[in-house]
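One structure below.
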Number of protein chains: 2
Amino acid sequence: MSQSFAKNTFNQLKNKAEKAIHRGLDQHIKLAVTGLSGSGKTAFITALVKHLTSQADEKNLPFFDVIREKRHIATKIVPQQALTIPTFEYNKALNSLLPQEGEPHWPASTERINTLRLAIKYQSNAGLRGHFAPQSTLYVDIIDYPGEWLLDLPMLEQSFQTWCQQQYTLLTQTPRLHKAQLFLEALSNLDLNASVNESQLADIATQYQQLLKGLKKETKLAMLQPGRMLMPGELDGAPLLQFFPVAEVPDEIVVGSNLAHLKKRYDAYVKEVVKPFYAQHFRHFDRQIVLVDVLSALNEGTETLYEQSRVINQLLNHFNYGEAGFLKRLFKPKIDKLLFAANKSDHISAKHHKDLALLLDSVVHEQSNHLKFDGVQIETMAMSSITATQPRQIIEKGVMLDCIYGKPLGENEWLTYLPPQPPARLINKDEWPSKGFAFLSFSPLPSPDKRLNHIRLDHVMQYLLGDKLT
Amino acid sequence: MSQSFAKNTFNQLKNKAEKAIHRGLDQHIKLAVTGLSGSGKTAFITALVKHLTSQADEKNLPFFDVIREKRHIATKIVPQQALTIPTFEYNKALNSLLPQEGEPHWPASTERINTLRLAIKYQSNAGLRGHFAPQSTLYVDIIDYPGEWLLDLPMLEQSFQTWCQQQYTLLTQTPRLHKAQLFLEALSNLDLNASVNESQLADIATQYQQLLKGLKKETKLAMLQPGRMLMPGELDGAPLLQFFPVAEVPDEIVVGSNLAHLKKRYDAYVKEVVKPFYAQHFRHFDRQIVLVDVLSALNEGTETLYEQSRVINQLLNHFNYGEAGFLKRLFKPKIDKLLFAANKSDHISAKHHKDLALLLDSVVHEQSNHLKFDGVQIETMAMSSITATQPRQIIEKGVMLDCIYGKPLGENEWLTYLPPQPPARLINKDEWPSKGFAFLSFSPLPSPDKRLNHIRLDHVMQYLLGDKLT
């Protein structure tokens, strides 16, 4: 046996062993990205992929351990496993942020579920210590889905009666009452106990749908149910989307009546739409980031901010694995880390980022800081996936002002501007400034070097992925 | 015990007995309506509903037994059971055919599954003979779905290899070859054995999709697979729709290669899209009508007519319950009657209707009149759901000509015209008239009395529903 033959065989064996261990150490993680439309989901995913695939240096991502410790080898986009889910259009989104020519603009928001798989190749700490498995791969399936689907979650444990109580009450209060007039009028002409009149139900359902769409477009109100009415897709025109809340649902319902049909449709919606989403997708998520546009909610006023808070807290109850935790019983979700991120923190001065984080913390934990989230870590952060402004310090009358510089959305002129300070906690109506808040929105910054900039995206990466890359 | 009390009790008992028998005699039937887009599905369903609900008299429907025998009581639209399927928009379609003001026009074609439930109340023959159950109800669920979905059926038993052989061959032949140039060029630049390049696959798939869409728009070719590429709906952008036929698929495929991914997607399409349609819908159909636009196929030329014939015969093989009948094994479909209807027979002279029926018969039974359809009755008919022309007899040079009178589609002038005679069987290239065929299409006729007219729709009703209304 020649020496070289022996050496080859040894190398082959070594390769085999490495491959086997390599395979054993590979990990998979499903990261769900959600938030109401306009919260910056598409920009977040685009930034995450861009920084990992082409800006993964220590200077850019100092708080992401695998980068700081120089163990990151390479990240690339690889074919997704779920063939029935549309692919996240990364190149399209990147081209709109970093165009070859012309002005950059925010990518179009996606209104359906889509996905993208990253393979992060890295040197594990074990690899550094030991002799085998110098490389491991973490596969990250990023799943982007409309926040409205998440907000349907509470319907899973509400009867039609309970749901009506909640939703109808909302409709009769500020800020909905004014916009709900047409729907409420149409509803008042419906005899709930009469024999079903399908075309009347369809007409009123269309009015309710227009109401929800109007509220979504013109306000930042969060509790808009059923969520699929906002983007029905293939369910457009299906009876199970033709329901709406009524003032009161008696315990006894007349068989074959309008009310009986509304209840039947509500039940079908929960069973055929809400439940399958959780069964097919939600329960497979490992980690979840919820992007929250707190600044826009502040612009809208106190009711909107409080509604956002109520909705988030209602959701949190479903993650609460205590006695009431029905999600665990129903679906056994695997989510072990949940991050609420106040996005767009570049729209305020750097010294107020902490206020924004504290405000979000207070929005998330409205009632109590002592909710028990048995098995789920919950964190809040203020961040910016893609900074659209630059900090500028201006001295005015001897005082140094922390301003920001950028191009307001829809405007042609660049602006240096002193943004208002957000409150550091949920404030009530009496504390609310008389003129309200007016935070500006900005267009993305042009980037001659084709790099994206962020604020604390590395913290987010570390929180969501860091422990899987050790 | 007073006499009236006894009488009441007797009546109550009688009512109860009638109700019980009534319920026992009620029947349900699922009628599937299909055909390629443009074949007249929406017009057919609209006409069916209109004639049954408001024109159900003996003069109008003389060959529909339940009407002729004066046993039809009333038909109405009732709430559908399947809440997840969009409702057929009957009122919208009817308004476009019988508008309050303005010109009538054909209803927009629907490109997705939708449904509508009719309740036909009638006196059963048993009721006439006996003393009980004077009334029965037949519930008819009409399910309208794109013909393209039906045409995917053969994929269920084709491997990617077989499918490629068939489809690629078609692409290299007249009449597709010319239109397929761009796709074939893009395909020739793809290294099938190279490591998967997802964006290249997506680009070529987009070209293939454009090719299919172009063929659908500009020709009457029937075999366009995969059917969902023509109307992807929520699957738009999903990898399982990003495949296309290649020239040759070897038995051994390189793992992780472009080819491996194409095969994987084909398999996923069959498993996740084609199969669920048959499992959820197709196997529950009781009766099926396939509308065929034979005249347009004649206009297109010999290849198109022969392709239509091949496709129909390929479908028929799936209904053939003989030894090869895999559908029965797989899904046990309940279909016991299948009707192929050559629609738009009003576009030719009445004396040629029989030729049209014979031609369709020859299209359907290309190879043999002796196919065994164990358990399935198959029929062909020439009909017109909604007549768009009136017969006119013109004497020219002493000869009486059977002309038709109507307003050609897209024109403003009315026309009296002598339509060509269709061949009474599949003719081959040599027999084809040198100038081809040129049948006109017509706009719907205005109807001051808000009635629709038909040709042999009553025969169709009798064939599809008659035996259930005895």
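Every chain in the structure tokens takes a letter, A first, then B, and so on in the order presented; its residues are numbered from 1, and the ligands are numbered from 1 following the presented order.
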
Surrounding residues of region 187-189 of chain B excluding itself and chain neighbours under 6 positions, 12 Å, only C-alpha atoms, as a ChimeraX atom specification
/B:168,180-181,200-208,243-248,258-259

Neighbour list for Val249 (chain B) as a PyMOL selection string, cut-off 12 Å, only C-alpha atoms, skip fewer than 4 positions in-chain
chain B and resi 159-166+168+192-193+244-245+253-254+258-260+262-263

Counting only C-alpha atoms, collect the residues of chain B whose closest atom lies at most 9 Å from chain A, and write them out as a ChimeraX atom specification.
/B:78-80,82-89,112,114,196-198,233-241,265,268-269,272-273

To one decimal place, how far is CA of His347 (chain B) from CA of Ile142 (chain B) in Å?
26.1 Å

Hey, what's within 7 Å of Thr416 (chain A) if we count only C-alpha atoms and toss same-chain stuff fewer than 5 positions away? As JSON, numbers by chain, please?
{"A": [403, 404, 405, 406]}

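We find CA of Trp432 (chain A) and CA of Leu360 (chain A) to be spaced 16.3 Å apart.
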
Contacts of Ala74 (chain A) within 9 Å, only C-alpha atoms, excl. fewer than 4 positions in-chain, as a list in words:
Leu52, Thr53, Ser54, Ala56, Ala119, Ile120, Lys121 and Tyr122 of chain A

Pick from A:Leu465, A:Ile455, A:Leu138, A:Ala424 nearest to Asn60 (chain A), counting only C-alpha atoms
A:Ile455

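Neighbouring residues of Ile378 (chain B) at 8 Å or closer, counting only C-alpha atoms and skipping chain neighbours under 5 positions away, are Lys337, Leu338, Leu339, Phe340 and Phe373 of chain B.
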
Could you please write out, as JSON, numbers by chain, every residue of region 199-301 of chain B that DSSP assigns to alpha helix (DSSP H)?
{"B": [199, 200, 201, 202, 203, 204, 205, 206, 207, 208, 209, 210, 211, 212, 213, 214, 215, 216, 217, 218, 258, 259, 260, 261, 262, 263, 264, 265, 266, 267, 268, 269, 275, 276, 277, 278, 279, 280, 294, 295, 296, 297, 298, 299, 300]}

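Distance check against Ser384 (chain A) using only C-alpha atoms: of A:Pro444, A:Pro433, A:Pro99, A:Gly227, the minimum falls on A:Pro444.
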
Enumerate as a PyMOL selection string all residues of region 273-465 of chain B assigned to strand (DSSP E or B) by DSSP on the backbone, naming them with the chain letters and numbers the document uses.
chain B and resi 287-292+337-342+377-382+384+390-396+399-406+408+415-417+442+455

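The list of residues with at least one atom within 7 Å of Leu118 (chain B), based on only C-alpha atoms and without residues fewer than 6 positions apart in the same chain, reads Thr75, Lys76, Ile77, Val78, Tyr139, Val140 and Asp141 of chain B.
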
CA of Gly410 (chain B) to CA of Lys217 (chain B), distance in Å rounded to a single decimal
16.9 Å

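By only C-alpha atoms, and with residues fewer than 5 positions from region 29-44 of chain B along its chain excluded, the set lying at most 7 Å from it is Pro107, Ser109, Tyr139, Val140, Asp141, Ile142, Ile143, Asp144, Tyr145, Pro146, Gly147, Glu148, Phe285, Asp286, Arg287, Gln288, Ile289, Val290, Leu291, Val292, Asp293, Ser385 and Ile386 of chain B.
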
Residues from the last selection, N, CA and C atoms, saved as a PDB file, in the first residue's frame:
```
ATOM      1  N   PRO B 107     -71.656  38.288 -20.103  1.00  0.00           N
ATOM      2  CA  PRO B 107     -71.080  38.481 -18.759  1.00  0.00           C
ATOM      3  C   PRO B 107     -69.571  38.182 -18.771  1.00  0.00           C
ATOM      4  N   SER B 109     -66.133  36.536 -17.943  1.00  0.00           N
ATOM      5  CA  SER B 109     -65.878  35.137 -17.632  1.00  0.00           C
ATOM      6  C   SER B 109     -65.225  35.029 -16.257  1.00  0.00           C
ATOM      7  N   TYR B 139     -82.164  19.465  -4.671  1.00  0.00           N
ATOM      8  CA  TYR B 139     -81.169  20.531  -4.491  1.00  0.00           C
ATOM      9  C   TYR B 139     -80.046  20.308  -5.495  1.00  0.00           C
ATOM     10  N   VAL B 140     -79.801  21.325  -6.312  1.00  0.00           N
ATOM     11  CA  VAL B 140     -78.740  21.208  -7.314  1.00  0.00           C
ATOM     12  C   VAL B 140     -77.614  22.189  -6.976  1.00  0.00           C
ATOM     13  N   ASP B 141     -76.457  21.659  -6.609  1.00  0.00           N
ATOM     14  CA  ASP B 141     -75.290  22.518  -6.434  1.00  0.00           C
ATOM     15  C   ASP B 141     -74.583  22.613  -7.772  1.00  0.00           C
ATOM     16  N   ILE B 142     -74.591  23.803  -8.344  1.00  0.00           N
ATOM     17  CA  ILE B 142     -73.901  24.012  -9.616  1.00  0.00           C
ATOM     18  C   ILE B 142     -72.486  24.466  -9.285  1.00  0.00           C
ATOM     19  N   ILE B 143     -71.497  23.766  -9.772  1.00  0.00           N
ATOM     20  CA  ILE B 143     -70.110  24.161  -9.508  1.00  0.00           C
ATOM     21  C   ILE B 143     -69.442  24.480 -10.837  1.00  0.00           C
ATOM     22  N   ASP B 144     -69.024  25.720 -10.937  1.00  0.00           N
ATOM     23  CA  ASP B 144     -68.415  26.266 -12.152  1.00  0.00           C
ATOM     24  C   ASP B 144     -66.921  26.330 -11.885  1.00  0.00           C
ATOM     25  N   TYR B 145     -66.126  25.687 -12.711  1.00  0.00           N
ATOM     26  CA  TYR B 145     -64.678  25.773 -12.484  1.00  0.00           C
ATOM     27  C   TYR B 145     -63.936  25.840 -13.809  1.00  0.00           C
ATOM     28  N   PRO B 146     -62.749  26.461 -13.788  1.00  0.00           N
ATOM     29  CA  PRO B 146     -62.020  26.660 -15.045  1.00  0.00           C
ATOM     30  C   PRO B 146     -61.670  25.323 -15.701  1.00  0.00           C
ATOM     31  N   GLY B 147     -61.925  25.239 -17.001  1.00  0.00           N
ATOM     32  CA  GLY B 147     -61.620  24.024 -17.738  1.00  0.00           C
ATOM     33  C   GLY B 147     -60.153  23.648 -17.638  1.00  0.00           C
ATOM     34  N   GLU B 148     -59.288  24.661 -17.468  1.00  0.00           N
ATOM     35  CA  GLU B 148     -57.862  24.409 -17.365  1.00  0.00           C
ATOM     36  C   GLU B 148     -57.544  23.452 -16.212  1.00  0.00           C
ATOM     37  N   PHE B 285     -68.503  15.340  -7.499  1.00  0.00           N
ATOM     38  CA  PHE B 285     -69.453  15.696  -8.550  1.00  0.00           C
ATOM     39  C   PHE B 285     -70.305  14.487  -8.921  1.00  0.00           C
ATOM     40  N   ASP B 286     -71.598  14.730  -9.170  1.00  0.00           N
ATOM     41  CA  ASP B 286     -72.478  13.652  -9.614  1.00  0.00           C
ATOM     42  C   ASP B 286     -72.615  13.650 -11.133  1.00  0.00           C
ATOM     43  N   ARG B 287     -72.653  14.870 -11.701  1.00  0.00           N
ATOM     44  CA  ARG B 287     -72.868  15.005 -13.141  1.00  0.00           C
ATOM     45  C   ARG B 287     -71.967  16.111 -13.636  1.00  0.00           C
ATOM     46  N   GLN B 288     -71.614  16.024 -14.893  1.00  0.00           N
ATOM     47  CA  GLN B 288     -70.705  17.032 -15.417  1.00  0.00           C
ATOM     48  C   GLN B 288     -71.082  17.398 -16.836  1.00  0.00           C
ATOM     49  N   ILE B 289     -71.125  18.696 -17.100  1.00  0.00           N
ATOM     50  CA  ILE B 289     -71.297  19.149 -18.477  1.00  0.00           C
ATOM     51  C   ILE B 289     -70.010  19.859 -18.902  1.00  0.00           C
ATOM     52  N   VAL B 290     -69.481  19.457 -20.048  1.00  0.00           N
ATOM     53  CA  VAL B 290     -68.289  20.099 -20.607  1.00  0.00           C
ATOM     54  C   VAL B 290     -68.727  20.875 -21.842  1.00  0.00           C
ATOM     55  N   LEU B 291     -68.588  22.194 -21.767  1.00  0.00           N
ATOM     56  CA  LEU B 291     -68.988  23.035 -22.899  1.00  0.00           C
ATOM     57  C   LEU B 291     -67.807  23.148 -23.863  1.00  0.00           C
ATOM     58  N   VAL B 292     -68.084  22.941 -25.137  1.00  0.00           N
ATOM     59  CA  VAL B 292     -67.008  22.972 -26.132  1.00  0.00           C
ATOM     60  C   VAL B 292     -67.379  23.979 -27.219  1.00  0.00           C
ATOM     61  N   ASP B 293     -66.436  24.862 -27.500  1.00  0.00           N
ATOM     62  CA  ASP B 293     -66.677  25.869 -28.541  1.00  0.00           C
ATOM     63  C   ASP B 293     -66.086  25.344 -29.853  1.00  0.00           C
ATOM     64  N   SER B 385     -77.033  28.086 -25.031  1.00  0.00           N
ATOM     65  CA  SER B 385     -77.602  28.492 -23.737  1.00  0.00           C
ATOM     66  C   SER B 385     -78.408  29.760 -23.903  1.00  0.00           C
ATOM     67  N   ILE B 386     -77.870  30.690 -24.672  1.00  0.00           N
ATOM     68  CA  ILE B 386     -78.528  31.974 -24.897  1.00  0.00           C
ATOM     69  C   ILE B 386     -78.390  32.297 -26.378  1.00  0.00           C
TER      70      ILE B 386
END
```
